[in-house]
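**Student:** Structure supplied as upload-v3.txt; contents: compact mmCIF, C-alpha atoms (C1' of nucleotides).
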```txt
# COMPACT_ATOMS: atom_id res chain seq x y z
CA MET A 21 -15.03 46.51 7.87
CA ASP A 22 -13.67 44.31 5.15
CA GLN A 23 -15.58 41.12 4.56
CA THR A 24 -13.67 39.59 1.73
CA VAL A 25 -13.13 35.90 2.07
CA ILE A 26 -10.11 34.43 0.37
CA VAL A 27 -10.75 31.12 -1.34
CA ILE A 28 -7.87 28.88 -2.28
CA ALA A 29 -8.96 26.02 -4.50
CA GLY A 30 -7.20 23.44 -6.62
CA PRO A 31 -6.63 19.71 -7.00
CA THR A 32 -5.22 17.55 -4.21
CA GLY A 33 -1.55 17.96 -3.72
CA SER A 34 -1.34 21.25 -5.56
CA GLY A 35 -0.12 23.15 -2.53
CA LYS A 36 -3.30 24.78 -1.28
CA SER A 37 -2.51 24.25 2.38
CA ALA A 38 0.96 25.70 2.12
CA LEU A 39 -0.32 28.78 0.35
CA ALA A 40 -3.15 29.21 2.84
CA LEU A 41 -0.80 28.84 5.76
CA ALA A 42 1.72 31.31 4.41
CA PHE A 43 -0.96 33.80 3.56
CA ALA A 44 -2.64 33.43 6.93
CA GLU A 45 0.61 34.08 8.75
CA ARG A 46 1.16 37.31 6.92
CA HIS A 47 -2.37 38.58 7.14
CA ARG A 48 -3.60 37.48 10.53
CA GLY A 49 -5.79 34.89 8.95
CA THR A 50 -7.59 31.73 9.89
CA VAL A 51 -7.54 28.77 7.54
CA ILE A 52 -10.97 27.24 7.10
CA ASN A 53 -11.23 23.79 5.60
CA ALA A 54 -13.22 23.42 2.38
CA ASP A 55 -12.61 19.76 1.80
CA ALA A 56 -15.21 17.11 2.54
CA MET A 57 -12.88 14.36 3.64
CA GLN A 58 -10.73 16.58 5.81
CA THR A 59 -13.66 17.51 7.96
CA TYR A 60 -13.96 13.94 9.24
CA ASP A 61 -11.90 13.05 12.26
CA ALA A 62 -10.76 9.53 11.48
CA PHE A 63 -7.90 10.03 9.03
CA PRO A 64 -5.88 13.16 9.72
CA ILE A 65 -2.79 11.73 8.07
CA LEU A 66 -4.47 9.98 5.16
CA THR A 67 -6.50 13.03 4.21
CA ALA A 68 -3.46 15.28 4.52
CA GLN A 69 -4.88 17.53 7.17
CA PRO A 70 -2.59 20.25 8.51
CA THR A 71 -0.20 18.87 11.12
CA PRO A 72 -0.28 19.96 14.76
CA ALA A 73 2.85 21.99 14.07
CA GLU A 74 1.14 23.80 11.24
CA ARG A 75 -1.97 24.36 13.26
CA SER A 76 0.05 25.95 15.99
CA ARG A 77 1.31 28.58 13.60
CA VAL A 78 -2.11 29.86 12.64
CA PRO A 79 -5.71 29.11 13.66
CA HIS A 80 -7.34 26.36 11.63
CA ALA A 81 -11.04 25.52 11.52
CA LEU A 82 -13.25 22.68 10.38
CA TYR A 83 -10.47 20.11 10.18
CA GLY A 84 -11.34 16.75 11.70
CA VAL A 85 -14.44 18.00 13.41
CA LEU A 86 -17.00 15.43 12.29
CA PRO A 87 -17.22 11.86 13.60
CA LEU A 88 -16.71 9.26 10.90
CA SER A 89 -20.20 7.93 11.48
CA GLU A 90 -21.81 11.14 10.30
CA THR A 91 -22.64 12.22 6.78
CA LEU A 92 -21.56 15.61 5.60
CA SER A 93 -23.28 17.38 2.73
CA ALA A 94 -22.75 20.50 0.70
CA ALA A 95 -25.46 22.39 2.54
CA ARG A 96 -24.33 21.21 5.92
CA TRP A 97 -20.78 22.22 5.20
CA ARG A 98 -21.93 25.62 4.05
CA ALA A 99 -23.67 26.16 7.35
CA LEU A 100 -20.52 25.16 9.23
CA ALA A 101 -18.36 27.39 7.06
CA ASP A 102 -20.70 30.34 7.50
CA VAL A 103 -20.36 30.09 11.24
CA GLU A 104 -16.59 29.90 11.04
CA ILE A 105 -16.31 32.84 8.68
CA GLU A 106 -18.55 34.86 10.94
CA ARG A 107 -16.52 33.99 13.98
CA CYS A 108 -13.32 34.69 12.16
CA LEU A 109 -14.40 38.14 11.02
CA ALA A 110 -15.73 38.96 14.45
CA ALA A 111 -12.30 38.19 15.84
CA GLY A 112 -10.72 40.51 13.32
CA ARG A 113 -9.04 37.74 11.38
CA ALA A 114 -8.99 37.13 7.65
CA PRO A 115 -11.00 34.05 6.65
CA ILE A 116 -9.10 31.88 4.22
CA LEU A 117 -11.05 29.00 2.77
CA CYS A 118 -8.84 26.20 1.57
CA GLY A 119 -9.99 23.03 -0.10
CA GLY A 120 -10.77 21.03 -3.18
CA SER A 121 -14.43 20.17 -2.86
CA GLY A 122 -15.75 22.20 -5.75
CA LEU A 123 -19.42 21.58 -5.07
CA TYR A 124 -19.02 22.73 -1.49
CA LEU A 125 -17.27 25.91 -2.49
CA ARG A 126 -19.90 26.69 -5.07
CA THR A 127 -22.65 25.99 -2.57
CA LEU A 128 -21.11 28.44 -0.18
CA MET A 129 -20.53 31.16 -2.72
CA GLN A 130 -23.58 30.80 -4.91
CA GLY A 131 -26.02 28.85 -2.83
CA ILE A 132 -27.99 25.70 -3.45
CA ALA A 133 -31.70 24.88 -3.60
CA THR A 134 -33.28 24.95 -0.18
CA ILE A 135 -34.53 21.47 0.56
CA PRO A 136 -35.55 20.10 3.95
CA ASP A 137 -33.27 17.54 5.52
CA THR A 138 -34.37 14.00 4.94
CA PRO A 139 -34.77 11.61 7.88
CA THR A 140 -31.83 9.29 8.40
CA GLY A 141 -32.49 5.82 7.13
CA LEU A 142 -34.41 6.93 4.08
CA ARG A 143 -31.34 6.96 1.92
CA GLU A 144 -30.27 3.60 3.17
CA GLN A 145 -33.71 2.25 2.36
CA ALA A 146 -33.64 3.80 -1.11
CA ASN A 147 -30.23 2.31 -1.76
CA ALA A 148 -31.45 -1.11 -0.72
CA GLU A 149 -34.38 -0.76 -3.05
CA TRP A 150 -32.16 0.20 -5.94
CA MET A 151 -30.36 -3.07 -5.35
CA SER A 152 -33.44 -5.23 -4.95
CA LEU A 153 -35.63 -3.66 -7.63
CA GLY A 154 -32.86 -3.16 -10.09
CA ALA A 155 -31.94 0.07 -11.80
CA GLU A 156 -34.65 -0.14 -14.43
CA ALA A 157 -37.57 -0.66 -12.09
CA PHE A 158 -36.28 1.88 -9.59
CA ARG A 159 -35.96 4.45 -12.32
CA ALA A 160 -39.44 3.71 -13.68
CA ARG A 161 -40.94 4.15 -10.25
CA LEU A 162 -39.14 7.44 -9.75
CA ALA A 163 -40.30 8.58 -13.17
CA GLU A 164 -43.90 8.39 -12.01
CA LYS A 165 -43.20 10.89 -9.27
CA ASP A 166 -40.49 13.01 -10.82
CA PRO A 167 -40.22 12.59 -14.59
CA ALA A 168 -38.15 15.75 -14.94
CA ILE A 169 -35.31 14.49 -12.78
CA VAL A 170 -35.32 11.10 -14.46
CA ALA A 171 -34.99 12.76 -17.83
CA ARG A 172 -31.84 14.46 -16.61
CA LEU A 173 -30.17 11.49 -15.00
CA LYS A 174 -28.13 8.81 -16.66
CA PRO A 175 -29.80 5.40 -16.11
CA ALA A 176 -26.87 4.01 -14.15
CA ASP A 177 -26.42 6.93 -11.79
CA ARG A 178 -27.48 5.18 -8.61
CA GLN A 179 -26.53 7.94 -6.24
CA ARG A 180 -28.57 10.67 -7.89
CA HIS A 181 -31.61 8.46 -8.46
CA VAL A 182 -31.48 7.51 -4.81
CA ARG A 183 -31.29 11.11 -3.70
CA ALA A 184 -34.26 12.07 -5.88
CA TRP A 185 -36.32 9.22 -4.48
CA GLU A 186 -35.28 10.04 -0.95
CA VAL A 187 -36.41 13.65 -1.37
CA TRP A 188 -39.73 12.59 -2.85
CA LEU A 189 -40.34 10.21 0.03
CA ALA A 190 -39.40 12.74 2.67
CA THR A 191 -41.19 15.77 1.27
CA GLY A 192 -43.84 14.52 -1.09
CA ARG A 193 -42.48 16.93 -3.63
CA PRO A 194 -40.24 16.11 -6.61
CA LEU A 195 -36.58 17.00 -6.29
CA SER A 196 -36.80 18.68 -9.66
CA ALA A 197 -39.53 20.95 -8.28
CA TRP A 198 -37.39 21.89 -5.28
CA GLN A 199 -34.53 22.70 -7.57
CA ALA A 200 -36.50 24.56 -10.23
CA GLY A 201 -35.86 28.24 -10.02
CA ASP A 202 -34.14 27.96 -6.67
CA GLU A 203 -30.44 28.50 -6.81
CA GLY A 204 -30.44 29.10 -3.09
CA GLU A 205 -29.26 32.03 -1.05
CA PRO A 206 -26.21 33.80 -2.39
CA SER A 207 -23.59 34.36 0.23
CA ARG A 208 -23.44 37.56 2.21
CA TRP A 209 -19.70 37.70 1.75
CA ARG A 210 -17.49 38.78 -1.05
CA PHE A 211 -15.00 36.22 -2.29
CA ALA A 212 -11.59 36.51 -3.85
CA THR A 213 -10.77 33.17 -5.46
CA VAL A 214 -7.39 31.75 -6.20
CA LEU A 215 -7.19 28.58 -8.28
CA LEU A 216 -4.07 26.47 -8.28
CA VAL A 217 -3.53 24.82 -11.65
CA PRO A 218 -0.38 22.73 -11.62
CA GLU A 219 1.29 20.95 -14.48
CA ARG A 220 0.20 17.30 -14.68
CA GLY A 221 3.53 15.60 -14.36
CA TRP A 222 4.48 17.75 -11.42
CA LEU A 223 1.22 16.98 -9.62
CA ARG A 224 1.50 13.29 -10.33
CA ASP A 225 4.91 13.22 -8.80
CA ARG A 226 3.82 15.12 -5.71
CA ILE A 227 0.83 12.86 -5.15
CA GLU A 228 3.05 9.81 -5.27
CA LYS A 229 5.62 11.30 -2.92
CA ARG A 230 2.94 12.45 -0.53
CA PHE A 231 1.43 8.99 -0.37
CA ASP A 232 4.82 7.48 0.38
CA ALA A 233 5.41 10.07 3.05
CA MET A 234 2.10 9.08 4.65
CA LEU A 235 3.15 5.45 4.54
CA THR A 236 6.26 6.19 6.54
CA GLY A 237 4.45 8.76 8.61
CA GLY A 238 1.98 6.53 10.35
CA VAL A 239 -1.02 6.06 8.05
CA LEU A 240 -0.85 2.32 8.36
CA ALA A 241 -1.49 2.54 12.08
CA GLU A 242 -4.04 5.27 11.62
CA VAL A 243 -6.09 3.34 9.09
CA ARG A 244 -5.60 0.07 10.93
CA SER A 245 -7.12 1.42 14.11
CA VAL A 246 -10.23 2.43 12.21
CA PHE A 247 -10.28 -0.89 10.39
CA ASP A 248 -10.15 -2.74 13.69
CA ARG A 249 -13.25 -0.96 14.88
CA ALA A 250 -15.16 -2.58 11.99
CA PRO A 251 -16.86 0.63 10.84
CA ASP A 252 -20.07 0.60 8.82
CA PRO A 253 -18.85 0.39 5.22
CA ARG A 254 -21.52 2.84 4.14
CA TRP A 255 -20.00 5.77 6.01
CA PRO A 256 -18.90 8.34 3.45
CA GLY A 257 -15.78 9.25 5.38
CA LEU A 258 -14.44 5.79 4.67
CA LYS A 259 -14.01 6.72 1.03
CA ALA A 260 -10.88 8.74 1.64
CA HIS A 261 -8.37 7.76 -1.03
CA GLY A 262 -6.20 4.98 0.26
CA ALA A 263 -8.61 3.78 2.94
CA PRO A 264 -10.49 1.22 0.82
CA GLU A 265 -7.21 -0.06 -0.59
CA LEU A 266 -5.55 -0.30 2.80
CA PHE A 267 -8.62 -2.02 4.21
CA ALA A 268 -8.34 -4.56 1.41
CA HIS A 269 -4.71 -5.00 2.36
CA PHE A 270 -5.61 -5.63 6.00
CA ARG A 271 -8.09 -8.23 4.83
CA GLY A 272 -5.28 -9.92 2.95
CA GLU A 273 -6.75 -9.14 -0.46
CA LEU A 274 -4.05 -6.76 -1.63
CA SER A 275 -0.33 -6.55 -1.10
CA LEU A 276 0.88 -3.32 0.41
CA GLU A 277 2.57 -2.43 -2.86
CA ASP A 278 -0.67 -2.92 -4.77
CA ALA A 279 -2.66 -0.95 -2.22
CA ARG A 280 -0.13 1.84 -2.55
CA ARG A 281 -0.23 1.76 -6.33
CA ILE A 282 -4.02 1.78 -6.48
CA GLY A 283 -4.34 4.45 -3.82
CA ILE A 284 -2.00 6.69 -5.76
CA ASP A 285 -3.84 6.01 -9.01
CA HIS A 286 -7.19 6.88 -7.49
CA THR A 287 -5.84 10.05 -5.99
CA ARG A 288 -4.47 11.10 -9.34
CA GLN A 289 -7.75 10.33 -11.08
CA TYR A 290 -9.52 12.42 -8.50
CA ALA A 291 -7.15 15.31 -9.08
CA LYS A 292 -8.05 15.13 -12.74
CA ARG A 293 -11.75 15.27 -11.94
CA GLN A 294 -11.17 18.28 -9.74
CA MET A 295 -9.32 20.08 -12.50
CA THR A 296 -12.18 19.38 -14.87
CA TRP A 297 -14.65 20.74 -12.33
CA PHE A 298 -12.73 23.91 -11.65
CA ARG A 299 -12.02 24.48 -15.31
CA HIS A 300 -15.67 24.31 -16.28
CA GLN A 301 -17.63 25.20 -13.16
CA MET A 302 -15.65 27.99 -11.60
CA THR A 303 -14.30 31.32 -12.73
CA PRO A 304 -11.41 32.14 -10.45
CA ASP A 305 -10.14 35.67 -9.92
CA VAL A 306 -6.60 34.51 -10.33
CA VAL A 307 -4.96 31.35 -11.57
CA VAL A 308 -1.67 30.31 -10.05
CA ASP A 309 0.78 27.77 -11.39
CA PRO A 310 2.18 26.25 -8.20
CA THR A 311 4.87 24.47 -10.15
CA SER A 312 7.09 27.49 -10.16
CA ASP A 313 5.93 29.46 -7.17
CA LEU A 314 3.82 29.24 -4.04
CA GLY A 315 1.40 31.86 -5.33
CA LEU A 316 1.68 34.13 -2.33
CA GLU A 317 2.47 37.23 -4.31
CA GLN A 318 -0.42 36.81 -6.71
CA THR A 319 -2.79 36.18 -3.86
CA GLU A 320 -1.73 39.33 -2.08
CA LYS A 321 -2.05 41.36 -5.23
CA LEU A 322 -5.54 39.96 -5.67
CA LEU A 323 -6.50 40.97 -2.17
CA THR A 324 -5.41 44.59 -2.57
CA LYS A 325 -7.24 44.75 -5.87
CA THR A 326 -10.42 43.41 -4.28
CA GLU A 327 -10.20 45.81 -1.38
CA ALA A 328 -9.80 48.80 -3.65
C1' G B 20 12.46 -38.05 -19.76
C1' G B 21 6.84 -38.80 -19.11
C1' A B 22 1.53 -36.69 -18.24
C1' G B 23 -1.34 -32.48 -18.38
C1' G B 24 -2.52 -26.93 -18.59
C1' G B 25 -1.39 -22.49 -20.99
C1' G B 26 0.66 -18.40 -24.37
C1' U B 27 -5.15 -13.03 -26.79
C1' G B 28 -4.87 -5.76 -27.66
C1' G B 29 -0.47 -1.40 -22.00
C1' C B 30 -2.00 -5.19 -17.93
C1' C B 31 -5.64 -8.93 -16.21
C1' G B 32 -9.00 -11.95 -18.64
C1' A B 33 -13.36 -14.04 -22.07
C1' G B 34 -13.80 -16.14 -26.72
C1' C B 35 -13.01 -21.96 -28.94
C1' G B 36 -14.77 -22.29 -37.43
C1' G B 37 -17.93 -17.16 -39.87
C1' U B 38 -22.28 -12.14 -37.08
C1' C B 39 -14.31 -10.84 -33.93
C1' A B 40 -10.54 -5.36 -34.11
C1' A B 41 -12.11 -9.49 -30.82
C1' U B 42 -17.23 -9.72 -23.97
C1' G B 43 -15.56 -7.80 -19.41
C1' G B 44 -12.29 -5.54 -15.74
C1' C B 45 -7.95 -2.33 -14.84
C1' A B 46 -4.88 1.52 -16.40
C1' G B 47 -5.02 5.83 -19.90
C1' C B 48 -7.60 10.24 -22.32
C1' A B 49 -11.77 13.59 -22.45
C1' G B 50 -16.29 15.02 -20.14
C1' A B 51 -20.79 15.65 -16.76
C1' C B 52 -21.90 17.49 -12.03
C1' U B 53 -27.79 21.64 -7.28
C1' G B 54 -27.43 18.14 -0.41
C1' U B 55 -22.60 10.72 -0.01
C1' A B 56 -18.66 15.20 -3.98
C1' A B 57 -11.49 12.00 -2.03
C1' A B 58 -18.65 10.74 -4.20
C1' U B 59 -21.64 9.34 -8.54
C1' C B 60 -21.88 8.97 -13.68
C1' U B 61 -20.80 9.40 -19.38
C1' G B 62 -17.86 8.92 -23.92
C1' C B 63 -13.26 7.30 -26.34
C1' C B 64 -9.66 3.62 -25.94
C1' G B 65 -4.91 -1.47 -32.45
C1' A B 66 -3.13 1.80 -36.59
C1' C B 67 -4.77 4.94 -40.39
C1' U B 68 -8.79 7.87 -41.17
C1' U B 69 -12.66 12.24 -45.91
C1' C B 70 -13.87 9.54 -38.30
C1' G B 71 -18.32 6.08 -42.42
C1' C B 72 -21.30 -0.56 -41.08
C1' G B 73 -13.88 2.63 -44.76
C1' U B 74 -8.72 0.56 -45.27
C1' C B 75 -4.71 -1.98 -43.02
C1' U B 76 -2.14 -4.90 -39.31
C1' A B 77 -3.59 -8.26 -35.55
C1' C B 78 -4.91 -13.28 -30.96
C1' G B 79 3.62 -16.83 -29.24
C1' A B 80 6.33 -18.35 -34.41
C1' A B 81 6.14 -20.95 -39.03
C1' G B 82 3.40 -23.96 -42.08
C1' G B 83 -1.33 -26.58 -43.28
C1' U B 84 -6.85 -27.77 -43.58
C1' U B 85 -11.12 -24.68 -45.10
C1' C B 86 -15.10 -20.55 -49.26
C1' G B 87 -13.63 -18.65 -44.34
C1' A B 88 -9.41 -19.64 -38.33
C1' A B 89 -7.98 -16.19 -32.37
C1' U B 90 -10.84 -20.68 -32.74
C1' C B 91 -9.06 -27.26 -36.29
C1' C B 92 -4.09 -29.99 -37.70
C1' U B 93 1.55 -30.14 -37.79
C1' U B 94 6.21 -28.53 -36.21
C1' C B 95 8.93 -25.13 -33.30
C1' C B 96 9.77 -21.52 -29.14
C1' C B 97 8.42 -20.11 -24.25
C1' C B 98 5.56 -20.58 -19.33
C1' C B 99 3.03 -23.42 -15.28
C1' U B 100 1.47 -27.97 -12.55
C1' C B 101 2.29 -33.06 -11.79
C1' C B 102 5.03 -37.91 -12.31
C1' A B 103 10.22 -39.18 -12.72
```
Before anything else, please render the file you have as structure tokens.
**Tutor:**
Amino acid sequence: MDQTVIVIAGPTGSGKSALALAFAERHRGTVINADAMQTYDAFPILTAQPTPAERSRVPHALYGVLPLSETLSAARWRALADVEIERCLAAGRAPILCGGSGLYLRTLMQGIATIPDTPTGLREQANAEWMSLGAEAFRARLAEKDPAIVARLKPADRQRHVRAWEVWLATGRPLSAWQAGDEGEPSRWRFATVLLVPERGWLRDRIEKRFDAMLTGGVLAEVRSVFDRAPDPRWPGLKAHGAPELFAHFRGELSLEDARRIGIDHTRQYAKRQMTWFRHQMTPDVVVDPTSDLGLEQTEKLLTKTEA
RNA sequence: GGAGGGGUGGCCGAGCGGUCAAUGGCAGCAGACUGUAAAUCUGCCGACUUCGCGUCUACGAAGGUUCGAAUCCUUCCCCCUCCA
């Protein structure tokens, strides 16, 4: 039985979903989401999740399955993805991972240090302390417990300092100690990775057009309904590009044109960060330039090569 | 016509005689990345450059004061508010 998992990665708007869908149709596949924001349920349009029409063509998994109030993580996603891949293979379908969250993909393929879950509320507390103590004092306090991690972190990196402190509090063991020598469990599956690397100008144009299409396709109502529920601003799922800007617009702080402009800019900046990640942190089996072609042929060639 | 306020690097916006090529933010470029990752963070960001605390051009325009001005004075050109 073949257990190769196809992975389609690339920056937002590069055409991952289209490739995954086309490939899945031809190979009896299931598309499994590998994008953090797309696994939340609040913004199907804003996060460019596959449409109902697309989902009806081929099975899709892990899209919009998590309530906005929850917090996803690399390890948690890996567990979810493992289950889906398993289920997919058991059903005789080809698992096709599709997404742009590089850390998640790497965690699935190569593993991550095994660290116990931390109680909810700890992070919130640590964040509050970072604010009240100030970066300097917070960092000094962490240095007493975990000097190794402090030496690695940039002084202003709130998020990583908070995580390190949270782990120390929850486990009584330094994060650096948990990480040392533990790369985690490598995956039991074999992966065939396809990386979409589009030309900048082309991508920029697509991102802008996609945002405009969302605007006329109902995002305003979608985001507004979430806005009206006054969600906790700390929920990670609220960070979906466009949501903070549109929220600001609903509050009367930004014109719609400005919200659009800024949302597009942020999406483009994110695409750049993704490209940097993939370029330096991942070695794909095949690189596809989606500017000229969907990449279907190269992906199929890759699969036959992997199976041989 | 009269009274004020203002014109600063791609944009916004500090500076108000020297330590200013000029705080800061945005945008841009490059980069980092082991559990919030559509996150978080770092560097560069006038031109030239052997990339050096080097040279040049710069704070609406033109003059002037001064050892020295983005910062003071004069005139001019724009913009905004208010009174007519």
**Student:** Can you build me a table of chain A residues sitting at most 7 Å from chain B, with the closest atom pair per residue and its distance in Å to one decimal, using all atoms listed in the file, sorted by chain and residue number, as a Markdown table?
**Tutor:**
```
| residue | atom | partner | partner_atom | distance |
| --- | --- | --- | --- | --- |
| A:Met57 | CA | B:A57 | C1' | 6.3 |
| A:Thr91 | CA | B:U55 | C1' | 7.0 |
| A:Ser93 | CA | B:G54 | C1' | 5.3 |
| A:Ala94 | CA | B:G54 | C1' | 5.4 |
| A:Ala95 | CA | B:G54 | C1' | 5.5 |
| A:Ser121 | CA | B:A56 | C1' | 6.6 |
| A:Leu123 | CA | B:A56 | C1' | 6.5 |
| A:Ile132 | CA | B:U53 | C1' | 5.6 |
| A:Ala133 | CA | B:U53 | C1' | 6.3 |
| A:Lys174 | CA | B:C60 | C1' | 6.9 |
| A:Asp177 | CA | B:C60 | C1' | 5.3 |
| A:Gln179 | CA | B:U59 | C1' | 5.6 |
| A:Gln199 | CA | B:U53 | C1' | 6.8 |
| A:Pro256 | CA | B:U55 | C1' | 5.6 |
| A:Lys259 | CA | B:A57 | C1' | 6.6 |
| A:Ala260 | CA | B:A57 | C1' | 4.9 |
| A:His261 | CA | B:A57 | C1' | 5.4 |
| A:Tyr290 | CA | B:A57 | C1' | 6.8 |
```
**Student:** When you count all atoms listed in the file, which of these residues is closest to A:Arg77: A:Phe231, A:Tyr60, A:Trp297, A:Phe43?
**Tutor:**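 Looking only at the distances to A:Arg77, the closest residue turns out to be A:Phe43.
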**Student:** So how far away is atom CA of A:Leu117 from atom CA of A:Asp305, in Å?
**Tutor:**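 Going from atom CA of A:Asp305 over to atom CA of A:Leu117, I get 14.4 Å.
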**Student:** Which is closest to A:Gly112 among A:Arg183, A:Gln23, A:Leu189, A:Thr59, if we use all atoms listed in the file?
**Tutor:**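 The answer is A:Gln23, which sits nearest to A:Gly112.
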**Student:** At what distance in Å, to one decimal, does atom CA of A:Glu74 lie from atom CA of A:Leu316?
**Tutor:**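 Between atom CA of A:Leu316 and atom CA of A:Glu74 the gap works out to 17.1 Å.
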**Student:** How far is it from atom CA of A:Arg96 to atom CA of A:Gly84, in Å with one decimal?
**Tutor:**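 Interatomic distance here is 14.9 Å.
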**Student:** I'd like the contact shell of stretch 87-103 of chain B - 9 Å cut-off, only C-alpha atoms (C1' of nucleotides), skipping same-chain residues fewer than 3 positions apart - returned as a list in words.
**Tutor:**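 The residues satisfying every condition are G20, G21, A22, G23, G24, G25, G26, U27, G34, C35, G36, G37, C39, A41, C78, G79, A80, A81, G82, G83 and U84 of chain B.
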**Student:** Take the point (-10.0, 5.2, 12.1) as written in the file and pick out every residue within 9 Å of it, counting all atoms listed in the file; give the list as a VMD selection string.
**Tutor:** chain A and resid 61 to 63 88 241 to 249 251 258
**Student:** Which residues come within 10 Å of stretch 42-44 of chain B, counting all atoms listed in the file, excluding same-chain residues fewer than 4 positions away, as a ChimeraX atom specification?
**Tutor:** /B:31-34
**Student:** Would you mind putting back N, CA and C atoms on stretch 235-251 of chain A, then writing it out as a tab-separated table (two decimals), in the coordinates of the input?
**Tutor:**
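Dumped everything to rebuild.tsv:
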```tsv
chain	number	residue	atom	x	y	z
A	235	LEU	N	2.84	6.84	4.20
A	235	LEU	CA	3.15	5.45	4.54
A	235	LEU	C	4.23	5.37	5.62
A	236	THR	N	5.21	6.22	5.52
A	236	THR	CA	6.26	6.19	6.54
A	236	THR	C	5.92	7.11	7.70
A	237	GLY	N	4.82	7.82	7.56
A	237	GLY	CA	4.45	8.76	8.61
A	237	GLY	C	3.33	8.31	9.53
A	238	GLY	N	2.97	7.04	9.41
A	238	GLY	CA	1.98	6.53	10.35
A	238	GLY	C	0.58	6.23	9.84
A	239	VAL	N	0.34	6.37	8.53
A	239	VAL	CA	-1.02	6.06	8.05
A	239	VAL	C	-1.44	4.65	8.30
A	240	LEU	N	-0.49	3.72	8.18
A	240	LEU	CA	-0.85	2.32	8.36
A	240	LEU	C	-1.52	2.12	9.71
A	241	ALA	N	-0.92	2.68	10.74
A	241	ALA	CA	-1.49	2.54	12.08
A	241	ALA	C	-2.81	3.29	12.18
A	242	GLU	N	-2.82	4.44	11.58
A	242	GLU	CA	-4.04	5.27	11.62
A	242	GLU	C	-5.23	4.55	10.99
A	243	VAL	N	-5.00	4.02	9.80
A	243	VAL	CA	-6.09	3.34	9.09
A	243	VAL	C	-6.43	2.00	9.76
A	244	ARG	N	-5.38	1.35	10.26
A	244	ARG	CA	-5.60	0.07	10.93
A	244	ARG	C	-6.51	0.21	12.15
A	245	SER	N	-6.32	1.26	12.89
A	245	SER	CA	-7.12	1.42	14.11
A	245	SER	C	-8.59	1.61	13.76
A	246	VAL	N	-8.84	2.27	12.64
A	246	VAL	CA	-10.23	2.43	12.21
A	246	VAL	C	-10.75	1.09	11.70
A	247	PHE	N	-9.92	0.42	10.94
A	247	PHE	CA	-10.28	-0.89	10.39
A	247	PHE	C	-10.68	-1.86	11.51
A	248	ASP	N	-9.90	-1.84	12.57
A	248	ASP	CA	-10.15	-2.74	13.69
A	248	ASP	C	-11.46	-2.47	14.41
A	249	ARG	N	-11.98	-1.28	14.24
A	249	ARG	CA	-13.25	-0.96	14.88
A	249	ARG	C	-14.42	-1.43	14.03
A	250	ALA	N	-14.12	-2.06	12.88
A	250	ALA	CA	-15.16	-2.58	11.99
A	250	ALA	C	-16.26	-1.55	11.72
A	251	PRO	N	-15.89	-0.42	11.11
A	251	PRO	CA	-16.86	0.63	10.84
A	251	PRO	C	-17.88	0.22	9.79
```
